[in-house]
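Reproduced below: final20.txt, with compact mmCIF, C-alpha atoms.
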# COMPACT_ATOMS: atom_id res chain seq x y z
CA MET U 682 0.00 0.00 0.00
CA ALA U 683 1.40 3.37 -1.00
CA GLU U 684 1.81 5.94 1.75
CA GLU U 685 -0.03 9.23 1.36
CA ASN U 686 2.12 12.30 1.00
CA ALA U 687 1.98 14.05 4.39
CA ASP U 688 2.89 17.38 2.75
CA ALA U 689 0.03 17.25 0.25
CA PRO U 690 -2.74 19.80 0.90
CA PRO U 691 -6.02 18.34 2.19
CA LYS U 692 -8.74 17.69 -0.36
CA ALA U 693 -11.27 20.53 -0.52
CA LEU U 694 -14.75 19.45 0.58
CA LYS U 695 -17.71 19.89 -1.70
CA LYS U 696 -21.38 19.92 -0.75
CA ALA U 697 -21.77 16.57 -2.50
CA ASP U 698 -19.22 15.10 -0.04
CA LEU U 699 -21.59 15.96 2.81
CA GLY U 700 -24.45 13.93 1.29
CA THR U 701 -26.76 16.93 1.13
CA ARG U 702 -28.02 16.08 -2.34
CA SER U 703 -29.34 12.64 -1.57
CA HIS U 704 -30.77 13.34 1.90
CA ARG U 705 -32.76 16.51 2.44
CA CYS U 706 -34.87 17.30 5.46
CA ASN U 707 -35.35 21.09 5.26
CA ALA U 708 -36.65 21.54 8.78
CA ARG U 709 -37.11 25.09 10.01
CA PRO U 710 -33.95 26.56 11.56
CA ILE U 711 -33.82 26.65 15.36
CA ASN U 712 -32.04 28.88 17.86
CA PRO U 713 -31.90 27.44 21.38
CA PHE U 714 -29.94 30.51 22.51
CA GLU U 715 -32.44 33.26 21.67
CA ALA U 716 -32.06 34.41 25.29
CA PRO U 717 -28.31 33.86 25.81
CA GLU U 718 -27.04 33.44 29.36
CA SER U 719 -23.30 33.61 28.67
CA PRO U 720 -20.85 35.18 26.21
CA ALA U 721 -20.45 31.80 24.46
CA GLN U 722 -24.21 31.51 24.02
CA GLU U 723 -24.32 35.04 22.54
CA ILE U 724 -21.80 34.00 19.89
CA LEU U 725 -23.56 30.69 19.22
CA ALA U 726 -26.90 32.50 18.91
CA GLU U 727 -25.37 34.45 16.01
CA VAL U 728 -24.49 31.18 14.26
CA PHE U 729 -27.94 29.69 14.85
CA GLU U 730 -29.75 32.86 13.68
CA SER U 731 -31.54 32.31 10.37
CA SER U 732 -32.21 34.70 7.54
CA GLY U 733 -35.62 33.05 7.26
CA TRP U 734 -36.93 29.61 6.41
CA LYS U 735 -37.51 28.78 2.77
CA ARG U 736 -39.15 25.69 1.36
CA ASP U 737 -36.40 25.24 -1.21
CA ALA U 738 -33.76 24.97 1.56
CA SER U 739 -32.00 28.09 0.32
CA HIS U 740 -32.01 29.62 3.79
CA LYS U 741 -28.73 30.68 5.32
CA CYS U 742 -27.40 32.12 8.52
CA LYS U 743 -28.36 35.77 8.98
CA ASN U 744 -24.79 36.50 10.12
CA GLN U 745 -23.05 34.36 7.49
CA ASP U 746 -20.95 37.17 5.99
CA LYS U 747 -19.72 38.28 9.43
CA ILE U 748 -18.91 34.70 10.49
CA MET U 749 -17.18 33.88 7.18
CA ALA U 750 -15.04 37.03 7.52
CA SER U 751 -14.02 36.00 11.03
CA LEU U 752 -13.22 32.43 9.95
CA THR U 753 -11.22 33.71 6.96
CA GLU U 754 -9.24 36.21 9.03
CA LEU U 755 -8.75 34.28 12.27
CA GLY U 756 -9.18 30.62 11.31
CA PRO U 757 -9.11 28.36 14.40
CA GLU U 758 -8.80 31.44 16.65
CA SER U 759 -12.15 32.85 15.51
CA PRO U 760 -14.59 33.31 18.40
CA TYR U 761 -17.10 31.34 16.32
CA VAL U 762 -14.73 28.35 16.53
CA THR U 763 -13.70 28.76 20.17
CA ALA U 764 -17.16 29.45 21.62
CA VAL U 765 -18.62 26.34 23.24
CA ASP U 766 -21.67 26.27 25.49
CA GLU U 767 -20.45 24.92 28.80
CA ALA U 768 -23.68 23.13 29.69
CA THR U 769 -24.30 21.36 26.37
CA GLY U 770 -21.02 21.30 24.47
CA ILE U 771 -22.73 22.93 21.49
CA ALA U 772 -20.22 24.69 19.23
CA GLY U 773 -20.57 26.75 16.07
CA ILE U 774 -20.12 23.71 13.83
CA HIS U 775 -23.14 22.07 15.51
CA ALA U 776 -25.27 25.17 14.93
CA ALA U 777 -24.32 25.20 11.25
CA ALA U 778 -25.03 21.48 10.89
CA VAL U 779 -28.36 21.49 12.75
CA ASN U 780 -29.73 24.37 10.69
CA GLY U 781 -28.40 23.14 7.35
CA TYR U 782 -25.98 26.02 6.72
CA THR U 783 -23.73 23.93 4.47
CA ASP U 784 -21.47 26.82 3.40
CA LEU U 785 -20.76 27.62 7.05
CA LEU U 786 -20.34 23.95 7.91
CA VAL U 787 -17.64 23.59 5.26
CA ALA U 788 -16.02 26.85 6.41
CA PHE U 789 -15.88 25.62 10.02
CA MET U 790 -14.09 22.48 8.84
CA GLU U 791 -11.76 24.04 6.27
CA LEU U 792 -11.01 27.53 7.63
CA GLY U 793 -11.63 26.89 11.33
CA LYS U 794 -10.00 23.43 11.25
CA VAL U 795 -12.89 22.05 13.33
CA ASP U 796 -13.18 18.27 13.53
CA PRO U 797 -16.64 17.43 12.07
CA LEU U 798 -16.92 14.56 14.56
CA VAL U 799 -16.60 16.76 17.65
CA LYS U 800 -19.32 15.75 20.08
CA CYS U 801 -21.65 17.91 22.09
CA THR U 802 -22.32 15.53 24.96
CA GLY U 803 -24.99 17.67 26.61
CA LEU U 804 -27.13 18.23 23.54
CA SER U 805 -29.91 16.16 25.07
CA THR U 806 -30.61 19.04 27.47
CA LYS U 807 -31.72 21.09 24.47
CA VAL U 808 -33.71 18.29 22.78
CA SER U 809 -36.76 18.97 24.93
CA TRP U 810 -36.49 22.67 24.00
CA VAL U 811 -36.56 21.74 20.30
CA LYS U 812 -39.58 19.49 20.83
CA ARG U 813 -41.45 22.34 22.57
CA GLN U 814 -40.61 24.66 19.66
CA CYS U 815 -41.82 22.21 17.07
CA GLY U 816 -44.67 20.49 18.89
CA ALA U 817 -45.48 16.83 18.66
CA GLY U 818 -46.19 15.79 15.09
CA VAL U 819 -45.63 19.27 13.71
CA ASP U 820 -43.30 19.73 10.75
CA CYS U 821 -40.61 21.99 12.12
Would you write the structure of this file as structure tokens?
Amino acid sequence: MAEENADAPPKALKKADLGTRSHRCNARPINPFEAPESPAQEILAEVFESSGWKRDASHKCKNQDKIMASLTELGPESPYVTAVDEATGIAGIHAAAVNGYTDLLVAFMELGKVDPLVKCTGLSTKVSWVKRQCGAGVDC
């Protein structure tokens, strides 16, 4: 087996690599931090904030340009990368993934160098919040 060149640049991710073309849910965006209780939650609320829900899944983060500029300029040192909710472990990459902001998701991985497998172990504390927002049996 040939060894991979360690000096080779990483392969750029494309939306197709994320499987977004074959599996589409298009649920309404959520923001569990609409009433932030900490500086980290204030930053994460910016990532969760939607520009509005659209049936064609063309919605994006309301603050996308600001977040992209920070990721481009600061990379892994961006506050959008370093902010983590202490109680839940939710980070910016989770907000982008949950709300389907694929451009931001890729930016978190490529510019922010965030591991896409990073866990938020306390997310279950917010699951009941999401259920209350959506309601049982309601398409959210």
Give me the residues near region 739-749 of chain U as a PyMOL selection string, where near means some atom within 9 Å (using only C-alpha atoms) and where sequence neighbours in that chain fewer than 6 positions away do not count.
chain U and resi 710+727-733+759+761+777+780-785+788-789+792
From the list U:Glu715, U:Met790, U:Arg709, U:Ile724, which residue is nearest Val765 (chain U) when using all atoms listed in the file?
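For Val765 (chain U), the nearest of the candidates is U:Ile724.
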Length of the CA of Glu718 (chain U) to CA of Glu791 (chain U) vector [Å]:
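Computed distance, CA of Glu718 (chain U) to CA of Glu791 (chain U), equals 29.2 Å.
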Nearest to Gly756 (chain U), restricted to all atoms listed in the file and choosing among U:Lys692, U:Gly793, U:His775, U:Gln722, comes out as U:Gly793
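CA of Cys801 (chain U) to CA of Leu752 (chain U) spans 20.7 Å [interatomic distance, one decimal].
The space between CA of Val799 (chain U) and CA of Ala716 (chain U) spans 24.7 Å.
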For Leu786 (chain U), which residue among U:Ala726, U:Glu767, U:Val762, U:Glu754 is the nearest when counting only C-alpha atoms?
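Nearest candidate to Leu786 (chain U) out of U:Ala726, U:Glu767, U:Val762, U:Glu754: U:Val762.
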Complete region 784-795 of chain U with all heavy atoms (output as a PDB file, in the frame of the given file).
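Saved as rebuild-v5.pdb:
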ATOM      1  N   ASP U 784     -22.648  25.987   3.676  1.00  0.00           N
ATOM      2  CA  ASP U 784     -21.470  26.820   3.400  1.00  0.00           C
ATOM      3  C   ASP U 784     -20.700  27.098   4.687  1.00  0.00           C
ATOM      4  O   ASP U 784     -19.468  27.031   4.712  1.00  0.00           O
ATOM      5  CB  ASP U 784     -21.864  28.143   2.739  1.00  0.00           C
ATOM      6  CG  ASP U 784     -22.421  27.946   1.332  1.00  0.00           C
ATOM      7  OD1 ASP U 784     -22.111  26.907   0.704  1.00  0.00           O
ATOM      8  OD2 ASP U 784     -23.160  28.815   0.858  1.00  0.00           O
ATOM      9  N   LEU U 785     -21.423  27.392   5.767  1.00  0.00           N
ATOM     10  CA  LEU U 785     -20.760  27.620   7.050  1.00  0.00           C
ATOM     11  C   LEU U 785     -20.152  26.333   7.594  1.00  0.00           C
ATOM     12  O   LEU U 785     -19.063  26.354   8.171  1.00  0.00           O
ATOM     13  CB  LEU U 785     -21.742  28.190   8.079  1.00  0.00           C
ATOM     14  CG  LEU U 785     -21.970  29.682   8.076  1.00  0.00           C
ATOM     15  CD1 LEU U 785     -22.909  30.087   9.208  1.00  0.00           C
ATOM     16  CD2 LEU U 785     -20.675  30.456   8.176  1.00  0.00           C
ATOM     17  N   LEU U 786     -20.849  25.234   7.432  1.00  0.00           N
ATOM     18  CA  LEU U 786     -20.340  23.950   7.910  1.00  0.00           C
ATOM     19  C   LEU U 786     -18.986  23.643   7.267  1.00  0.00           C
ATOM     20  O   LEU U 786     -18.026  23.297   7.952  1.00  0.00           O
ATOM     21  CB  LEU U 786     -21.346  22.838   7.596  1.00  0.00           C
ATOM     22  CG  LEU U 786     -21.014  21.438   8.077  1.00  0.00           C
ATOM     23  CD1 LEU U 786     -20.892  21.388   9.585  1.00  0.00           C
ATOM     24  CD2 LEU U 786     -22.081  20.463   7.605  1.00  0.00           C
ATOM     25  N   VAL U 787     -18.905  23.811   5.964  1.00  0.00           N
ATOM     26  CA  VAL U 787     -17.640  23.590   5.260  1.00  0.00           C
ATOM     27  C   VAL U 787     -16.579  24.578   5.738  1.00  0.00           C
ATOM     28  O   VAL U 787     -15.421  24.214   5.954  1.00  0.00           O
ATOM     29  CB  VAL U 787     -17.841  23.669   3.727  1.00  0.00           C
ATOM     30  CG1 VAL U 787     -16.511  23.671   2.996  1.00  0.00           C
ATOM     31  CG2 VAL U 787     -18.706  22.508   3.246  1.00  0.00           C
ATOM     32  N   ALA U 788     -16.967  25.838   5.945  1.00  0.00           N
ATOM     33  CA  ALA U 788     -16.020  26.850   6.410  1.00  0.00           C
ATOM     34  C   ALA U 788     -15.481  26.516   7.801  1.00  0.00           C
ATOM     35  O   ALA U 788     -14.290  26.696   8.074  1.00  0.00           O
ATOM     36  CB  ALA U 788     -16.663  28.231   6.409  1.00  0.00           C
ATOM     37  N   PHE U 789     -16.347  26.026   8.695  1.00  0.00           N
ATOM     38  CA  PHE U 789     -15.880  25.620  10.020  1.00  0.00           C
ATOM     39  C   PHE U 789     -14.823  24.526   9.907  1.00  0.00           C
ATOM     40  O   PHE U 789     -13.822  24.538  10.619  1.00  0.00           O
ATOM     41  CB  PHE U 789     -17.034  25.149  10.903  1.00  0.00           C
ATOM     42  CG  PHE U 789     -17.718  26.250  11.662  1.00  0.00           C
ATOM     43  CD1 PHE U 789     -18.975  26.679  11.299  1.00  0.00           C
ATOM     44  CD2 PHE U 789     -17.096  26.872  12.737  1.00  0.00           C
ATOM     45  CE1 PHE U 789     -19.613  27.704  11.982  1.00  0.00           C
ATOM     46  CE2 PHE U 789     -17.721  27.889  13.433  1.00  0.00           C
ATOM     47  CZ  PHE U 789     -18.979  28.312  13.060  1.00  0.00           C
ATOM     48  N   MET U 790     -15.046  23.585   8.998  1.00  0.00           N
ATOM     49  CA  MET U 790     -14.090  22.480   8.840  1.00  0.00           C
ATOM     50  C   MET U 790     -12.812  22.929   8.153  1.00  0.00           C
ATOM     51  O   MET U 790     -11.713  22.581   8.583  1.00  0.00           O
ATOM     52  CB  MET U 790     -14.742  21.323   8.080  1.00  0.00           C
ATOM     53  CG  MET U 790     -15.827  20.627   8.876  1.00  0.00           C
ATOM     54  SD  MET U 790     -16.512  19.175   8.054  1.00  0.00           S
ATOM     55  CE  MET U 790     -17.531  19.930   6.796  1.00  0.00           C
ATOM     56  N   GLU U 791     -12.937  23.685   7.065  1.00  0.00           N
ATOM     57  CA  GLU U 791     -11.760  24.040   6.270  1.00  0.00           C
ATOM     58  C   GLU U 791     -10.998  25.242   6.826  1.00  0.00           C
ATOM     59  O   GLU U 791      -9.782  25.198   6.944  1.00  0.00           O
ATOM     60  CB  GLU U 791     -12.156  24.282   4.818  1.00  0.00           C
ATOM     61  CG  GLU U 791     -12.605  23.008   4.129  1.00  0.00           C
ATOM     62  CD  GLU U 791     -12.946  23.201   2.662  1.00  0.00           C
ATOM     63  OE1 GLU U 791     -13.038  24.347   2.194  1.00  0.00           O
ATOM     64  OE2 GLU U 791     -13.141  22.172   1.986  1.00  0.00           O
ATOM     65  N   LEU U 792     -11.687  26.315   7.143  1.00  0.00           N
ATOM     66  CA  LEU U 792     -11.010  27.530   7.630  1.00  0.00           C
ATOM     67  C   LEU U 792     -10.766  27.477   9.132  1.00  0.00           C
ATOM     68  O   LEU U 792      -9.713  27.898   9.609  1.00  0.00           O
ATOM     69  CB  LEU U 792     -11.839  28.774   7.281  1.00  0.00           C
ATOM     70  CG  LEU U 792     -12.121  29.016   5.805  1.00  0.00           C
ATOM     71  CD1 LEU U 792     -13.083  30.186   5.623  1.00  0.00           C
ATOM     72  CD2 LEU U 792     -10.825  29.255   5.049  1.00  0.00           C
ATOM     73  N   GLY U 793     -11.753  26.960   9.873  1.00  0.00           N
ATOM     74  CA  GLY U 793     -11.630  26.890  11.330  1.00  0.00           C
ATOM     75  C   GLY U 793     -10.939  25.639  11.824  1.00  0.00           C
ATOM     76  O   GLY U 793     -10.670  25.509  13.014  1.00  0.00           O
ATOM     77  N   LYS U 794     -10.673  24.691  10.904  1.00  0.00           N
ATOM     78  CA  LYS U 794     -10.000  23.430  11.250  1.00  0.00           C
ATOM     79  C   LYS U 794     -10.737  22.664  12.349  1.00  0.00           C
ATOM     80  O   LYS U 794     -10.135  22.012  13.196  1.00  0.00           O
ATOM     81  CB  LYS U 794      -8.545  23.670  11.689  1.00  0.00           C
ATOM     82  CG  LYS U 794      -7.724  24.497  10.724  1.00  0.00           C
ATOM     83  CD  LYS U 794      -7.532  23.817   9.399  1.00  0.00           C
ATOM     84  CE  LYS U 794      -6.631  24.648   8.495  1.00  0.00           C
ATOM     85  NZ  LYS U 794      -6.942  24.491   7.112  1.00  0.00           N
ATOM     86  N   VAL U 795     -12.078  22.731  12.336  1.00  0.00           N
ATOM     87  CA  VAL U 795     -12.890  22.050  13.330  1.00  0.00           C
ATOM     88  C   VAL U 795     -13.128  20.610  12.887  1.00  0.00           C
ATOM     89  O   VAL U 795     -13.485  20.364  11.734  1.00  0.00           O
ATOM     90  CB  VAL U 795     -14.246  22.762  13.541  1.00  0.00           C
ATOM     91  CG1 VAL U 795     -15.097  22.022  14.556  1.00  0.00           C
ATOM     92  CG2 VAL U 795     -14.027  24.207  13.972  1.00  0.00           C
TER      93      VAL U 795
END
